[in-house]
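See structure below.
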Number of protein chains: 2
Amino acid sequence: MIKVVILGNGNLAFHLTNQLLKNVEVNLVQVYNRSLEKIQYLKSKTSITNNLTDLKEADIYILCVSDAVISSISKQLDFKHKLIVHTSGNTDLFELKSISNKGVFYPLQSFSKDKIIDFSEIPICIEASTENDLKILETFAKSISNNVYQFNSQQRNKIHLAAVFVNNFVNHLYHIGNEICDKNSIPFEILHPLILETATKITNLKPIDAQTGPAKRNDSITIKKHKAMLTQNQQEIYTLLTKSIYKTYGEKL
Amino acid sequence: MIKVVILGNGNLAFHLTNQLLKNVEVNLVQVYNRSLEKIQYLKSKTSITNNLTDLKEADIYILCVSDAVISSISKQLDFKHKLIVHTSGNTDLFELKSISNKGVFYPLQSFSKDKIIDFSEIPICIEASTENDLKILETFAKSISNNVYQFNSQQRNKIHLAAVFVNNFVNHLYHIGNEICDKNSIPFEILHPLILETATKITNLKPIDAQTGPAKRNDSITIKKHKAMLTQNQQEIYTLLTKSIYKTYGEKL
């Protein structure tokens, strides 16, 4: 059985801890966090500590910490022949400064503490510096998810970048839709079926083939009418995205 | 039973025709289209015509035509005491130039011919110029969907505008995500779970509370790194949306 220590207490640490506690192929031997108080709830389920020099022996040490501290924390994990992995989409494998073996375990999903997550469908991107470590990491990842991918750090950076567009930026457009609704006494719920259909559609159709709307068909009357209803900030976004859509298809029409 | 004539042959006409043919509360008495050839497939199921002077008697005439021709086609429907409705989100009720009674039947969804649609969950926005017409339209709409809303033309314009943000623009961001993947030999499918989770999350959480990512936390190192990986067009979009997210939360933090 693979022995694992989790370091951190963010959303990913929370969900991963819960997954590993019920994972029959993995023994979660310890959870570390700077503040012991925040992981007290785990006391009856596994060992907890707030001292990096008290870490138990394990096969994999998983850093579920913010990008900025990966380097400094990993430097303090100076045991040999262990696998230290970070969980960041945006951080190079070699930002790990431990003398131990190095790897990356990046689950491509947006985690919220108050929303249950089914790990089995989450794509997990792995990377390691040796073939042997990659095998250990692959076995571990496959005990959690059916979608395990191997990518190098450059590719993982690109995945993280693409995720910013389809998650962060998309959510901001949802927010603008919500603002427009609120301002006009329209329940935002009315947009939910459209939002879900838009997201579902591109699992069968390439986004470029799913595009519709005034920008694609260069319907300048509608575009002008829309712009007149927007705040300055919304208008800037509307104009730029409309131009970008038009350029995408203008060359193809 | 409500007698209905559909005019048009686009994606909405196609799906609405199929719905009405199996709707036990509605009798679809005729489908009109300028080109008879394109609606030949309906010949065995209902009356078809390409002649506006040959329209059968009905309670509701539904214009499933492009915004630009609503006015000119409705002008030719000069029978009295009938309800003529258009299906446009972006067109005022009084763009209908018929001497008949006027209404709007706007299903808020994105339709593709090759994708089956369950009408029962689609929000339908109705409007009419008299109370009596509104009642007829409401009865009709409720025979199709469980989500029937009454809005005036100004509100419907705003709904259509919000839909452009959460459907057209969101899909374009999916397209940019796809471009980034293609360029770096990453299967776009890897983003599907994140895309679906992002869309599902806001059915329980307001988008403003679901926001995550480097723009919200003003993580300038990640933002700079991301920008360096983008084409000029992608970079412009990244910069503007990042600025807009930061402004949204900057004032709140």
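Residue names in the structure tokens use chain letters A, B, ... in the order shown, residue numbers from 1 in each chain, and ligand numbers from 1 in the order shown.
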
Item to check | Close residues, range 165-177 of chain B itself excluded, 9 Å, only C-alpha atoms, min 2 positions apart in chain, as a ChimeraX atom specification | outcome: /A:159,161-166,169-171,173-177,191,194-195,197-199,202,206-208,210-216,238,241-242,244-245 /B:110,161-163,179-182,188,191,195,234

Per residue of range 68-99 of chain B within 10 Å of range 221-229 of chain A, which atom pair is closest and at what distance in Å (one decimal), using only C-alpha atoms, listed by chain and increasing number, as JSON lines?
{"residue": "B:Ala68", "atom": "CA", "partner": "A:Ile221", "partner_atom": "CA", "distance": 9.6}
{"residue": "B:Asn90", "atom": "CA", "partner": "A:Thr222", "partner_atom": "CA", "distance": 7.5}
{"residue": "B:Thr91", "atom": "CA", "partner": "A:Thr222", "partner_atom": "CA", "distance": 9.4}

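Nearest residue to Gly10 in chain B, choosing from B:His192, B:His160, B:Arg217, B:Lys38 and counting only C-alpha atoms: B:Lys38.
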
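Among the residues of range 186-219 of chain B, backbone DSSP assigns alpha helix (DSSP H) to His192, Pro193, Leu194, Ile195, Leu196, Glu197, Thr198, Ala199, Thr200, Lys201, Pro207, Ile208, Asp209 and Ala210 of chain B.
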
Can I get the selection written as a PDB file, in the first residue's frame, with N, CA and C atoms?
ATOM      1  N   HIS B 192     -12.774  19.361 -20.423  1.00  0.00           N
ATOM      2  CA  HIS B 192     -14.226  19.178 -20.300  1.00  0.00           C
ATOM      3  C   HIS B 192     -14.736  19.127 -18.856  1.00  0.00           C
ATOM      4  N   PRO B 193     -14.114  18.313 -17.981  1.00  0.00           N
ATOM      5  CA  PRO B 193     -14.645  18.287 -16.598  1.00  0.00           C
ATOM      6  C   PRO B 193     -14.615  19.670 -15.932  1.00  0.00           C
ATOM      7  N   LEU B 194     -13.557  20.440 -16.184  1.00  0.00           N
ATOM      8  CA  LEU B 194     -13.465  21.781 -15.592  1.00  0.00           C
ATOM      9  C   LEU B 194     -14.554  22.701 -16.153  1.00  0.00           C
ATOM     10  N   ILE B 195     -14.777  22.602 -17.467  1.00  0.00           N
ATOM     11  CA  ILE B 195     -15.810  23.426 -18.120  1.00  0.00           C
ATOM     12  C   ILE B 195     -17.193  23.097 -17.544  1.00  0.00           C
ATOM     13  N   LEU B 196     -17.476  21.822 -17.394  1.00  0.00           N
ATOM     14  CA  LEU B 196     -18.787  21.416 -16.863  1.00  0.00           C
ATOM     15  C   LEU B 196     -18.934  21.817 -15.397  1.00  0.00           C
ATOM     16  N   GLU B 197     -17.869  21.658 -14.622  1.00  0.00           N
ATOM     17  CA  GLU B 197     -17.922  22.033 -13.208  1.00  0.00           C
ATOM     18  C   GLU B 197     -18.129  23.545 -13.052  1.00  0.00           C
ATOM     19  N   THR B 198     -17.453  24.319 -13.894  1.00  0.00           N
ATOM     20  CA  THR B 198     -17.581  25.785 -13.852  1.00  0.00           C
ATOM     21  C   THR B 198     -19.024  26.205 -14.119  1.00  0.00           C
ATOM     22  N   ALA B 199     -19.642  25.540 -15.109  1.00  0.00           N
ATOM     23  CA  ALA B 199     -21.036  25.861 -15.461  1.00  0.00           C
ATOM     24  C   ALA B 199     -22.009  25.385 -14.387  1.00  0.00           C
ATOM     25  N   THR B 200     -21.728  24.230 -13.813  1.00  0.00           N
ATOM     26  CA  THR B 200     -22.641  23.660 -12.814  1.00  0.00           C
ATOM     27  C   THR B 200     -22.567  24.430 -11.506  1.00  0.00           C
ATOM     28  N   LYS B 201     -21.346  24.857 -11.160  1.00  0.00           N
ATOM     29  CA  LYS B 201     -21.124  25.514  -9.874  1.00  0.00           C
ATOM     30  C   LYS B 201     -22.037  26.726  -9.673  1.00  0.00           C
ATOM     31  N   PRO B 207     -21.940  33.698  -9.335  1.00  0.00           N
ATOM     32  CA  PRO B 207     -20.638  33.752 -10.017  1.00  0.00           C
ATOM     33  C   PRO B 207     -19.615  34.600  -9.251  1.00  0.00           C
ATOM     34  N   ILE B 208     -20.072  35.671  -8.639  1.00  0.00           N
ATOM     35  CA  ILE B 208     -19.112  36.544  -7.932  1.00  0.00           C
ATOM     36  C   ILE B 208     -18.449  35.803  -6.764  1.00  0.00           C
ATOM     37  N   ASP B 209     -19.148  34.799  -6.207  1.00  0.00           N
ATOM     38  CA  ASP B 209     -18.576  34.022  -5.108  1.00  0.00           C
ATOM     39  C   ASP B 209     -17.799  32.794  -5.602  1.00  0.00           C
ATOM     40  N   ALA B 210     -17.957  32.468  -6.861  1.00  0.00           N
ATOM     41  CA  ALA B 210     -17.289  31.280  -7.421  1.00  0.00           C
ATOM     42  C   ALA B 210     -15.947  31.626  -8.064  1.00  0.00           C
TER      43      ALA B 210
END

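The residue set within 9 Å of Asn11 in chain A, counting only C-alpha atoms and dropping same-chain residues fewer than 3 places from it, reads Phe14, His15, Leu16, Cys64, Ser110, Phe111, Ser112 and Lys113 of chain A.
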
Checklist entry - Do you know which residues are at most 10 Å from Val24 in chain A counting only C-alpha atoms, after dropping those on the same chain fewer than 2 positions away, and could you put them as a PyMOL selection string? => result chain A and resi 1-2+19-22+26-27+143

Selected residues written out with C-alpha atoms, as a short mmCIF file (atom, residue, chain, number, x, y, z; two decimals), in the first residue's frame:
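again_37.cif, written as the output of this step:
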data_model
loop_
_atom_site.label_atom_id
_atom_site.label_comp_id
_atom_site.auth_asym_id
_atom_site.auth_seq_id
_atom_site.Cartn_x
_atom_site.Cartn_y
_atom_site.Cartn_z
CA MET A 1 0.00 0.00 0.00
CA ILE A 2 1.30 3.48 -0.93
CA GLN A 19 -10.43 10.92 -0.93
CA LEU A 20 -7.32 9.27 0.48
CA LEU A 21 -8.99 8.43 3.80
CA LYS A 22 -11.39 6.15 1.93
CA VAL A 26 -3.44 4.28 -0.11
CA ASN A 27 -2.48 4.79 3.53
CA SER A 143 -6.03 4.81 -7.56
#

Next on the checklist: Neighbouring residues of Val148 in chain B were defined as those with any atom within 10 Å, considering only C-alpha atoms; residues of the same chain fewer than 3 positions away were excluded. Please report them as a PyMOL selection string.
Outcome noted: (chain A and resi 190) or (chain B and resi 105-107+120-126+137-145+151)

Residues from last step as file, N, CA and C atoms, as a tab-separated table (two decimals), in the first residue's frame:
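What landed in part_17.tsv:
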chain	number	residue	atom	x	y	z
A	190	ILE	N	-32.74	32.20	-14.97
A	190	ILE	CA	-33.27	32.03	-16.32
A	190	ILE	C	-32.15	31.68	-17.31
B	105	PHE	N	-42.83	35.00	-28.29
B	105	PHE	CA	-42.60	33.68	-27.72
B	105	PHE	C	-41.11	33.42	-27.91
B	106	TYR	N	-40.31	33.72	-26.86
B	106	TYR	CA	-38.85	33.66	-26.99
B	106	TYR	C	-38.27	32.55	-26.12
B	107	PRO	N	-37.91	31.42	-26.72
B	107	PRO	CA	-37.26	30.35	-25.94
B	107	PRO	C	-35.78	30.69	-25.75
B	120	SER	N	-38.91	20.94	-22.19
B	120	SER	CA	-39.61	21.12	-20.92
B	120	SER	C	-38.83	21.98	-19.92
B	121	GLU	N	-37.48	22.04	-20.09
B	121	GLU	CA	-36.67	22.83	-19.15
B	121	GLU	C	-36.25	24.19	-19.71
B	122	ILE	N	-36.59	24.45	-20.95
B	122	ILE	CA	-36.16	25.71	-21.57
B	122	ILE	C	-37.02	26.87	-21.08
B	123	PRO	N	-36.39	27.94	-20.55
B	123	PRO	CA	-37.17	29.11	-20.16
B	123	PRO	C	-37.81	29.75	-21.41
B	124	ILE	N	-39.10	30.01	-21.33
B	124	ILE	CA	-39.76	30.68	-22.45
B	124	ILE	C	-40.28	32.03	-21.97
B	125	CYS	N	-39.85	33.09	-22.66
B	125	CYS	CA	-40.25	34.46	-22.29
B	125	CYS	C	-41.40	34.88	-23.19
B	126	ILE	N	-42.52	35.22	-22.58
B	126	ILE	CA	-43.68	35.62	-23.39
B	126	ILE	C	-44.05	37.08	-23.13
B	137	LEU	N	-51.20	32.77	-24.94
B	137	LEU	CA	-49.78	32.50	-25.13
B	137	LEU	C	-49.21	31.72	-23.94
B	138	GLU	N	-49.68	32.06	-22.76
B	138	GLU	CA	-49.21	31.37	-21.55
B	138	GLU	C	-49.65	29.90	-21.57
B	139	THR	N	-50.90	29.65	-21.93
B	139	THR	CA	-51.41	28.28	-22.02
B	139	THR	C	-50.57	27.48	-23.03
B	140	PHE	N	-50.32	28.13	-24.17
B	140	PHE	CA	-49.52	27.48	-25.21
B	140	PHE	C	-48.10	27.19	-24.70
B	141	ALA	N	-47.44	28.21	-24.12
B	141	ALA	CA	-46.06	28.06	-23.67
B	141	ALA	C	-45.96	26.99	-22.58
B	142	LYS	N	-46.95	26.95	-21.68
B	142	LYS	CA	-46.92	25.96	-20.60
B	142	LYS	C	-47.16	24.55	-21.09
B	143	SER	N	-47.72	24.40	-22.28
B	143	SER	CA	-47.86	23.05	-22.86
B	143	SER	C	-46.51	22.54	-23.37
B	144	ILE	N	-45.54	23.45	-23.43
B	144	ILE	CA	-44.21	23.11	-23.97
B	144	ILE	C	-43.15	23.06	-22.88
B	145	SER	N	-43.20	24.02	-21.95
B	145	SER	CA	-42.13	24.15	-20.95
B	145	SER	C	-42.67	24.39	-19.55
B	151	PHE	N	-42.12	38.85	-19.64
B	151	PHE	CA	-41.24	40.03	-19.61
B	151	PHE	C	-41.67	41.01	-20.69

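Every protein, DNA or RNA residue with an atom at most 9 Å from Ile99 in chain A, where only C-alpha atoms count and chain neighbours fewer than 3 positions away do not, is listed here: Ser74, Lys75, Leu77, Asp78, Phe79, Lys80, His81, Leu96 and Lys102 of chain A.
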
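Excluding Thr49 in chain A itself and same-chain residues fewer than 6 positions from it, the residues having an atom within 9 Å of it are Gln30, Val31, Tyr32, Asn33, Arg34, Ser35, Leu36, Ile39 and Leu55 of chain A, counting only C-alpha atoms.
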
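For the atom pair formed by CA of Asn132 in chain B and CA of Lys158 in chain B, the distance is 25.4 Å, given to one decimal.
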
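One finds CA of Arg156 in chain B at 12.0 Å from CA of Pro187 in chain A.
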
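Closest approach to Leu134 in chain A among A:Asp114, A:Leu83, A:Glu25, A:Ser98 is made by A:Leu83 (distances from only C-alpha atoms).
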
Next on the checklist: Which of range 7-140 of chain B end up as strand (DSSP E) when DSSP is run on this backbone - answer as a VMD selection string?
Outcome noted: chain B and resid 7 26 to 32 47 to 49 60 to 63 83 to 86 101 to 107 124 to 128

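Here CA of Asn101 in chain B is placed at a distance of 16.7 Å from CA of Ser88 in chain B.
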